[in-house]
Amino acid sequence: MKKQTKKIRVDPKYKKIEELLIQVGLRIAKRGEGALFVVGNDIEYRPLIDQKVPPFNAIENPKLLESLALMDGAVILNEDGIVTAYGVMIKSKKAFKNFGTRHSAGLSASKTALAVVVSEEDRKIRILKNEKMVMQIDALQKNVEKSVPEAVNILESLGAGTVGTLGTSILVPSLGIAFLPGVILFGSAYYLAKLFGKKFS
């Protein structure tokens, strides 16, 4: 029986959401603050505060998104980029070794969603899919913002199915490949070297 893989998703709206979350995350990280964004439709969470801000389009209002992200807890967006909840606690079912509760919550949420974790400790953004870290972006790298559109293109070209098959264990960060200034991609080094061969030649 042939093994089925998920189709690669290339959705311009989804790419815009990923790019927005990374750019907002970079601004937050540069100030030494943390945040957690989760994009998906089936996320278990519990509000920590009253939800007084009605749902809104994050792409149309990035400043409000950034303000809500600075509160304790995660910001939840659906796959159309609508912020549906903020200041919420996501139950951690898995521990992200050597990291705090925000990373563990992101890792747990990434089983069914995309999680973007902004670390206040080391000022890095970690992108998690399928319970694996697939990309890390260093907010302190000079001009890292210029690398974001290409980084998002790589995320999308890998697709969830490929990442699920090839993603490395989060415990083996040495297998990451720095393919853009300030951006490390995690996965099968051999496969990625073939996929992005031109970048390494």
# chains A, B, ... in the order shown; residues from 1 in each chain; ligands from 1
>>> residues_around(residues="Lys63 of chain A", least_positions_apart="3", cutoff="12 Å", atoms="only C-alpha atoms", output="ChimeraX atom specification")
/A:20-21,23-25,27-28,56-60,66-70
>>> write_last_selection(atoms="N, CA and C atoms", output="compact mmCIF listing (two decimals), in the first residue's frame")
# COMPACT_ATOMS: atom_id res chain seq x y z
N LEU A 20 3.60 37.86 8.28
CA LEU A 20 3.18 38.86 9.27
C LEU A 20 3.59 38.44 10.69
N LEU A 21 3.34 37.18 11.03
CA LEU A 21 3.66 36.71 12.38
C LEU A 21 5.16 36.77 12.65
N GLN A 23 7.34 38.84 11.13
CA GLN A 23 7.76 40.26 11.22
C GLN A 23 7.34 40.87 12.55
N VAL A 24 6.11 40.60 13.01
CA VAL A 24 5.66 41.10 14.31
C VAL A 24 6.50 40.47 15.42
N GLY A 25 6.78 39.17 15.27
CA GLY A 25 7.61 38.46 16.25
C GLY A 25 9.01 39.05 16.35
N ARG A 27 9.85 42.19 15.84
CA ARG A 27 9.76 43.45 16.57
C ARG A 27 9.67 43.19 18.08
N ILE A 28 8.88 42.19 18.46
CA ILE A 28 8.72 41.84 19.86
C ILE A 28 10.04 41.32 20.44
N PHE A 56 -10.69 40.03 14.65
CA PHE A 56 -10.29 41.01 13.62
C PHE A 56 -9.26 40.38 12.70
N ASN A 57 -9.08 41.00 11.54
CA ASN A 57 -8.12 40.52 10.54
C ASN A 57 -6.72 41.02 10.92
N ALA A 58 -5.82 40.10 11.24
CA ALA A 58 -4.47 40.46 11.70
C ALA A 58 -3.68 41.18 10.62
N ILE A 59 -3.87 40.79 9.36
CA ILE A 59 -3.11 41.41 8.26
C ILE A 59 -3.49 42.89 8.14
N GLU A 60 -4.76 43.21 8.41
CA GLU A 60 -5.22 44.60 8.31
C GLU A 60 -4.91 45.41 9.56
N GLU A 66 0.10 42.94 17.59
CA GLU A 66 1.33 43.05 18.40
C GLU A 66 1.00 43.38 19.85
N SER A 67 0.06 44.30 20.07
CA SER A 67 -0.33 44.67 21.44
C SER A 67 -0.90 43.47 22.20
N LEU A 68 -1.77 42.70 21.55
CA LEU A 68 -2.39 41.55 22.20
C LEU A 68 -1.35 40.45 22.48
N ALA A 69 -0.35 40.35 21.59
CA ALA A 69 0.67 39.32 21.75
C ALA A 69 1.53 39.54 22.99
N LEU A 70 1.60 40.78 23.46
CA LEU A 70 2.45 41.11 24.61
C LEU A 70 1.81 40.71 25.93
>>> select_by_dssp(residues="segment 39-142 of chain A", states="strand (DSSP E)", output="PyMOL selection string")
chain A and resi 39+45-47+56-57+74-77+82-90+114-118+124-129+132-138
>>> select_by_dssp(residues="segment 15-201 of chain A", states="alpha helix (DSSP H)", output="MDAnalysis selection string")
chainID A and resid 15:30 62:69 101:109 148:166 189:195 197:200
>>> write_last_selection(atoms="C-alpha atoms", output="compact mmCIF listing (two decimals), in the first residue's frame")
# COMPACT_ATOMS: atom_id res chain seq x y z
CA LYS A 15 1.98 32.91 3.33
CA LYS A 16 0.99 36.48 4.22
CA ILE A 17 -0.09 35.31 7.69
CA GLU A 18 3.21 33.47 8.27
CA GLU A 19 5.21 36.49 7.08
CA LEU A 20 3.18 38.86 9.27
CA LEU A 21 3.66 36.71 12.38
CA ILE A 22 7.41 36.49 11.82
CA GLN A 23 7.76 40.26 11.22
CA VAL A 24 5.66 41.10 14.31
CA GLY A 25 7.61 38.46 16.25
CA LEU A 26 10.90 40.08 15.23
CA ARG A 27 9.76 43.45 16.57
CA ILE A 28 8.72 41.84 19.86
CA ALA A 29 11.97 39.83 20.16
CA LYS A 30 14.18 42.86 19.47
CA PRO A 62 -0.80 44.31 12.80
CA LYS A 63 -0.42 46.92 15.60
CA LEU A 64 -3.39 45.48 17.50
CA LEU A 65 -2.02 41.97 16.93
CA GLU A 66 1.33 43.05 18.40
CA SER A 67 -0.33 44.67 21.44
CA LEU A 68 -2.39 41.55 22.20
CA ALA A 69 0.67 39.32 21.75
CA THR A 101 6.23 26.93 29.22
CA ARG A 102 5.67 29.13 26.15
CA HIS A 103 7.78 26.79 24.01
CA SER A 104 6.08 23.70 25.47
CA ALA A 105 2.64 25.18 24.74
CA GLY A 106 3.74 25.97 21.18
CA LEU A 107 5.10 22.47 20.70
CA SER A 108 1.83 20.94 21.91
CA ALA A 109 -0.29 23.24 19.71
CA VAL A 148 11.69 36.71 5.94
CA PRO A 149 9.86 36.54 2.55
CA GLU A 150 12.30 33.91 1.26
CA ALA A 151 12.15 32.01 4.56
CA VAL A 152 8.34 31.86 4.26
CA ASN A 153 8.65 30.62 0.65
CA ILE A 154 10.86 27.79 1.91
CA LEU A 155 8.37 26.95 4.67
CA GLU A 156 5.57 26.76 2.12
CA SER A 157 7.56 24.76 -0.44
CA LEU A 158 8.36 22.13 2.18
CA GLY A 159 4.69 21.71 3.04
CA ALA A 160 3.32 20.13 6.19
CA GLY A 161 3.63 16.58 4.87
CA THR A 162 7.30 16.98 4.01
CA VAL A 163 8.07 18.61 7.32
CA GLY A 164 6.27 15.80 9.15
CA THR A 165 8.38 13.23 7.32
CA LEU A 166 11.71 15.03 7.44
CA ALA A 189 20.23 17.78 5.85
CA TYR A 190 20.68 15.55 2.80
CA TYR A 191 17.19 16.22 1.44
CA LEU A 192 17.40 19.95 2.06
CA ALA A 193 20.85 20.18 0.50
CA LYS A 194 19.39 18.58 -2.65
CA LEU A 195 16.25 20.72 -2.56
CA GLY A 197 21.39 22.82 -3.83
CA LYS A 198 21.86 26.08 -5.69
CA LYS A 199 22.04 27.97 -2.39
CA PHE A 200 24.98 25.88 -1.19
>>> closest_residue(among="A:Leu140, A:Ala74, A:Val134, A:Val88", to="Asp122 of chain A", atoms="only C-alpha atoms")
A:Leu140
>>> closest_residue(among="A:Leu114, A:Lys52, A:Gln141, A:Thr84", to="Leu128 of chain A", atoms="only C-alpha atoms")
A:Leu114
>>> atom_distance(atom1="atom CA of Val118 of chain A", atom2="atom CA of Pro181 of chain A")
18.0 Å
>>> atom_distance(atom1="atom CA of Lys124 of chain A", atom2="atom CA of Phe37 of chain A")
13.9 Å
>>> residues_around(residues="segment 41-43 of chain A", least_positions_apart="2", cutoff="12 Å", atoms="only C-alpha atoms", output="PyMOL selection string")
chain A and resi 37-39+45-46+74-85+88-92+105-106+108-115
>>> atom_distance(atom1="atom CA of Lys94 of chain A", atom2="atom CA of Gly32 of chain A")
25.3 Å
>>> closest_residue(among="A:Val117, A:Pro55, A:Lys93, A:Asn61", to="Gly73 of chain A", atoms="only C-alpha atoms")
A:Val117
>>> decode(residues="segment 22-175 of chain A", atoms="C-alpha atoms", output="PDB file, in the first residue's frame")
ATOM      1  CA  ILE A  22       7.411  36.488  11.817  1.00  0.00           C
ATOM      2  CA  GLN A  23       7.756  40.259  11.217  1.00  0.00           C
ATOM      3  CA  VAL A  24       5.659  41.100  14.313  1.00  0.00           C
ATOM      4  CA  GLY A  25       7.614  38.457  16.246  1.00  0.00           C
ATOM      5  CA  LEU A  26      10.903  40.079  15.233  1.00  0.00           C
ATOM      6  CA  ARG A  27       9.762  43.451  16.573  1.00  0.00           C
ATOM      7  CA  ILE A  28       8.719  41.843  19.865  1.00  0.00           C
ATOM      8  CA  ALA A  29      11.965  39.831  20.158  1.00  0.00           C
ATOM      9  CA  LYS A  30      14.182  42.859  19.471  1.00  0.00           C
ATOM     10  CA  ARG A  31      12.616  44.525  22.528  1.00  0.00           C
ATOM     11  CA  GLY A  32      13.440  41.472  24.640  1.00  0.00           C
ATOM     12  CA  GLU A  33       9.804  40.406  25.033  1.00  0.00           C
ATOM     13  CA  GLY A  34       8.130  37.086  24.240  1.00  0.00           C
ATOM     14  CA  ALA A  35       4.949  35.905  22.519  1.00  0.00           C
ATOM     15  CA  LEU A  36       3.192  32.849  21.133  1.00  0.00           C
ATOM     16  CA  PHE A  37       1.082  32.811  17.963  1.00  0.00           C
ATOM     17  CA  VAL A  38      -0.906  29.733  16.941  1.00  0.00           C
ATOM     18  CA  VAL A  39      -2.608  29.396  13.551  1.00  0.00           C
ATOM     19  CA  GLY A  40      -5.245  26.695  13.228  1.00  0.00           C
ATOM     20  CA  ASN A  41      -8.882  25.817  13.683  1.00  0.00           C
ATOM     21  CA  ASP A  42      -8.742  22.976  16.248  1.00  0.00           C
ATOM     22  CA  ILE A  43      -6.805  24.317  19.207  1.00  0.00           C
ATOM     23  CA  GLU A  44      -7.653  23.548  22.821  1.00  0.00           C
ATOM     24  CA  TYR A  45      -7.173  26.552  25.058  1.00  0.00           C
ATOM     25  CA  ARG A  46      -8.513  28.343  28.124  1.00  0.00           C
ATOM     26  CA  PRO A  47      -8.829  32.161  28.244  1.00  0.00           C
ATOM     27  CA  LEU A  48      -6.775  33.828  30.984  1.00  0.00           C
ATOM     28  CA  ILE A  49      -8.505  37.196  30.509  1.00  0.00           C
ATOM     29  CA  ASP A  50     -11.872  38.505  29.292  1.00  0.00           C
ATOM     30  CA  GLN A  51     -12.034  38.557  25.499  1.00  0.00           C
ATOM     31  CA  LYS A  52     -13.071  42.205  25.076  1.00  0.00           C
ATOM     32  CA  VAL A  53     -11.491  42.693  21.631  1.00  0.00           C
ATOM     33  CA  PRO A  54     -13.772  41.248  18.930  1.00  0.00           C
ATOM     34  CA  PRO A  55     -12.251  39.009  16.198  1.00  0.00           C
ATOM     35  CA  PHE A  56     -10.290  41.008  13.622  1.00  0.00           C
ATOM     36  CA  ASN A  57      -8.121  40.524  10.537  1.00  0.00           C
ATOM     37  CA  ALA A  58      -4.472  40.462  11.699  1.00  0.00           C
ATOM     38  CA  ILE A  59      -3.113  41.415   8.264  1.00  0.00           C
ATOM     39  CA  GLU A  60      -5.222  44.596   8.310  1.00  0.00           C
ATOM     40  CA  ASN A  61      -4.336  45.477  11.912  1.00  0.00           C
ATOM     41  CA  PRO A  62      -0.796  44.311  12.796  1.00  0.00           C
ATOM     42  CA  LYS A  63      -0.418  46.920  15.602  1.00  0.00           C
ATOM     43  CA  LEU A  64      -3.394  45.485  17.503  1.00  0.00           C
ATOM     44  CA  LEU A  65      -2.025  41.971  16.930  1.00  0.00           C
ATOM     45  CA  GLU A  66       1.330  43.047  18.396  1.00  0.00           C
ATOM     46  CA  SER A  67      -0.335  44.667  21.438  1.00  0.00           C
ATOM     47  CA  LEU A  68      -2.391  41.548  22.203  1.00  0.00           C
ATOM     48  CA  ALA A  69       0.673  39.316  21.746  1.00  0.00           C
ATOM     49  CA  LEU A  70       2.445  41.105  24.605  1.00  0.00           C
ATOM     50  CA  MET A  71      -0.160  39.905  27.115  1.00  0.00           C
ATOM     51  CA  ASP A  72       0.391  36.664  29.011  1.00  0.00           C
ATOM     52  CA  GLY A  73      -0.771  33.668  27.005  1.00  0.00           C
ATOM     53  CA  ALA A  74      -1.087  32.865  23.314  1.00  0.00           C
ATOM     54  CA  VAL A  75      -2.787  34.608  20.401  1.00  0.00           C
ATOM     55  CA  ILE A  76      -4.959  32.274  18.312  1.00  0.00           C
ATOM     56  CA  LEU A  77      -5.617  32.948  14.623  1.00  0.00           C
ATOM     57  CA  ASN A  78      -7.674  30.908  12.202  1.00  0.00           C
ATOM     58  CA  GLU A  79      -6.293  29.988   8.775  1.00  0.00           C
ATOM     59  CA  ASP A  80      -7.853  33.116   7.239  1.00  0.00           C
ATOM     60  CA  GLY A  81      -5.765  35.331   9.527  1.00  0.00           C
ATOM     61  CA  ILE A  82      -8.615  36.287  11.861  1.00  0.00           C
ATOM     62  CA  VAL A  83      -7.565  36.672  15.499  1.00  0.00           C
ATOM     63  CA  THR A  84     -10.147  34.588  17.363  1.00  0.00           C
ATOM     64  CA  ALA A  85      -8.646  34.642  20.887  1.00  0.00           C
ATOM     65  CA  TYR A  86      -5.791  36.191  22.856  1.00  0.00           C
ATOM     66  CA  GLY A  87      -4.323  35.905  26.343  1.00  0.00           C
ATOM     67  CA  VAL A  88      -5.127  32.191  26.385  1.00  0.00           C
ATOM     68  CA  MET A  89      -3.416  29.203  27.950  1.00  0.00           C
ATOM     69  CA  ILE A  90      -2.713  26.201  25.745  1.00  0.00           C
ATOM     70  CA  LYS A  91      -2.359  22.992  27.688  1.00  0.00           C
ATOM     71  CA  SER A  92       1.163  21.617  27.317  1.00  0.00           C
ATOM     72  CA  LYS A  93       1.023  17.913  26.532  1.00  0.00           C
ATOM     73  CA  LYS A  94       4.715  17.739  25.580  1.00  0.00           C
ATOM     74  CA  ALA A  95       7.733  19.414  27.104  1.00  0.00           C
ATOM     75  CA  PHE A  96      10.131  21.366  24.891  1.00  0.00           C
ATOM     76  CA  LYS A  97      13.366  20.322  26.579  1.00  0.00           C
ATOM     77  CA  ASN A  98      15.571  23.160  27.879  1.00  0.00           C
ATOM     78  CA  PHE A  99      12.859  25.763  27.184  1.00  0.00           C
ATOM     79  CA  GLY A 100      10.002  27.263  29.194  1.00  0.00           C
ATOM     80  CA  THR A 101       6.225  26.931  29.224  1.00  0.00           C
ATOM     81  CA  ARG A 102       5.670  29.135  26.151  1.00  0.00           C
ATOM     82  CA  HIS A 103       7.780  26.795  24.005  1.00  0.00           C
ATOM     83  CA  SER A 104       6.082  23.696  25.468  1.00  0.00           C
ATOM     84  CA  ALA A 105       2.642  25.178  24.743  1.00  0.00           C
ATOM     85  CA  GLY A 106       3.739  25.973  21.183  1.00  0.00           C
ATOM     86  CA  LEU A 107       5.103  22.467  20.697  1.00  0.00           C
ATOM     87  CA  SER A 108       1.825  20.937  21.908  1.00  0.00           C
ATOM     88  CA  ALA A 109      -0.290  23.237  19.710  1.00  0.00           C
ATOM     89  CA  SER A 110       1.873  22.480  16.656  1.00  0.00           C
ATOM     90  CA  LYS A 111       0.477  18.938  16.507  1.00  0.00           C
ATOM     91  CA  THR A 112      -2.514  20.329  14.591  1.00  0.00           C
ATOM     92  CA  ALA A 113      -1.467  23.925  13.901  1.00  0.00           C
ATOM     93  CA  LEU A 114       1.400  26.261  13.073  1.00  0.00           C
ATOM     94  CA  ALA A 115       3.057  27.746  16.158  1.00  0.00           C
ATOM     95  CA  VAL A 116       5.354  30.770  16.135  1.00  0.00           C
ATOM     96  CA  VAL A 117       7.198  31.164  19.445  1.00  0.00           C
ATOM     97  CA  VAL A 118       9.016  34.412  20.254  1.00  0.00           C
ATOM     98  CA  SER A 119      11.655  33.911  22.941  1.00  0.00           C
ATOM     99  CA  GLU A 120      12.425  36.795  25.273  1.00  0.00           C
ATOM    100  CA  GLU A 121      15.489  34.952  26.618  1.00  0.00           C
ATOM    101  CA  ASP A 122      17.548  34.530  23.446  1.00  0.00           C
ATOM    102  CA  ARG A 123      15.528  36.788  21.089  1.00  0.00           C
ATOM    103  CA  LYS A 124      14.897  34.040  18.580  1.00  0.00           C
ATOM    104  CA  ILE A 125      11.708  33.058  16.784  1.00  0.00           C
ATOM    105  CA  ARG A 126      11.004  29.346  16.489  1.00  0.00           C
ATOM    106  CA  ILE A 127       8.482  27.984  14.017  1.00  0.00           C
ATOM    107  CA  LEU A 128       6.922  24.654  14.949  1.00  0.00           C
ATOM    108  CA  LYS A 129       4.866  22.280  12.797  1.00  0.00           C
ATOM    109  CA  ASN A 130       3.862  18.691  13.467  1.00  0.00           C
ATOM    110  CA  GLU A 131       5.486  18.823  16.938  1.00  0.00           C
ATOM    111  CA  LYS A 132       8.874  19.644  15.434  1.00  0.00           C
ATOM    112  CA  MET A 133      10.932  22.806  15.177  1.00  0.00           C
ATOM    113  CA  VAL A 134      11.285  23.540  11.476  1.00  0.00           C
ATOM    114  CA  MET A 135      12.858  26.999  11.480  1.00  0.00           C
ATOM    115  CA  GLN A 136      14.629  29.414  13.805  1.00  0.00           C
ATOM    116  CA  ILE A 137      15.107  33.115  13.106  1.00  0.00           C
ATOM    117  CA  ASP A 138      17.539  35.307  15.043  1.00  0.00           C
ATOM    118  CA  ALA A 139      16.038  38.761  15.683  1.00  0.00           C
ATOM    119  CA  LEU A 140      19.502  40.160  16.470  1.00  0.00           C
ATOM    120  CA  GLN A 141      20.907  39.288  13.022  1.00  0.00           C
ATOM    121  CA  LYS A 142      21.443  42.506  11.057  1.00  0.00           C
ATOM    122  CA  ASN A 143      18.771  43.069   8.368  1.00  0.00           C
ATOM    123  CA  VAL A 144      17.107  39.710   9.143  1.00  0.00           C
ATOM    124  CA  GLU A 145      13.757  41.207   8.074  1.00  0.00           C
ATOM    125  CA  LYS A 146      14.954  41.023   4.450  1.00  0.00           C
ATOM    126  CA  SER A 147      15.282  37.228   4.777  1.00  0.00           C
ATOM    127  CA  VAL A 148      11.687  36.711   5.945  1.00  0.00           C
ATOM    128  CA  PRO A 149       9.865  36.540   2.554  1.00  0.00           C
ATOM    129  CA  GLU A 150      12.300  33.915   1.264  1.00  0.00           C
ATOM    130  CA  ALA A 151      12.146  32.009   4.558  1.00  0.00           C
ATOM    131  CA  VAL A 152       8.340  31.862   4.256  1.00  0.00           C
ATOM    132  CA  ASN A 153       8.648  30.618   0.650  1.00  0.00           C
ATOM    133  CA  ILE A 154      10.861  27.788   1.909  1.00  0.00           C
ATOM    134  CA  LEU A 155       8.374  26.947   4.673  1.00  0.00           C
ATOM    135  CA  GLU A 156       5.574  26.757   2.122  1.00  0.00           C
ATOM    136  CA  SER A 157       7.563  24.758  -0.442  1.00  0.00           C
ATOM    137  CA  LEU A 158       8.363  22.132   2.180  1.00  0.00           C
ATOM    138  CA  GLY A 159       4.691  21.714   3.042  1.00  0.00           C
ATOM    139  CA  ALA A 160       3.317  20.134   6.193  1.00  0.00           C
ATOM    140  CA  GLY A 161       3.632  16.585   4.866  1.00  0.00           C
ATOM    141  CA  THR A 162       7.302  16.979   4.013  1.00  0.00           C
ATOM    142  CA  VAL A 163       8.066  18.614   7.322  1.00  0.00           C
ATOM    143  CA  GLY A 164       6.272  15.803   9.145  1.00  0.00           C
ATOM    144  CA  THR A 165       8.380  13.234   7.323  1.00  0.00           C
ATOM    145  CA  LEU A 166      11.713  15.033   7.436  1.00  0.00           C
ATOM    146  CA  GLY A 167      11.600  17.260  10.508  1.00  0.00           C
ATOM    147  CA  THR A 168      14.409  16.526  12.911  1.00  0.00           C
ATOM    148  CA  SER A 169      14.003  15.979  16.590  1.00  0.00           C
ATOM    149  CA  ILE A 170      14.036  19.262  18.454  1.00  0.00           C
ATOM    150  CA  LEU A 171      16.793  17.766  20.552  1.00  0.00           C
ATOM    151  CA  VAL A 172      19.266  17.740  17.647  1.00  0.00           C
ATOM    152  CA  PRO A 173      19.670  21.406  16.695  1.00  0.00           C
ATOM    153  CA  SER A 174      23.062  20.664  15.128  1.00  0.00           C
ATOM    154  CA  LEU A 175      21.213  19.303  12.088  1.00  0.00           C
TER     155      LEU A 175
END
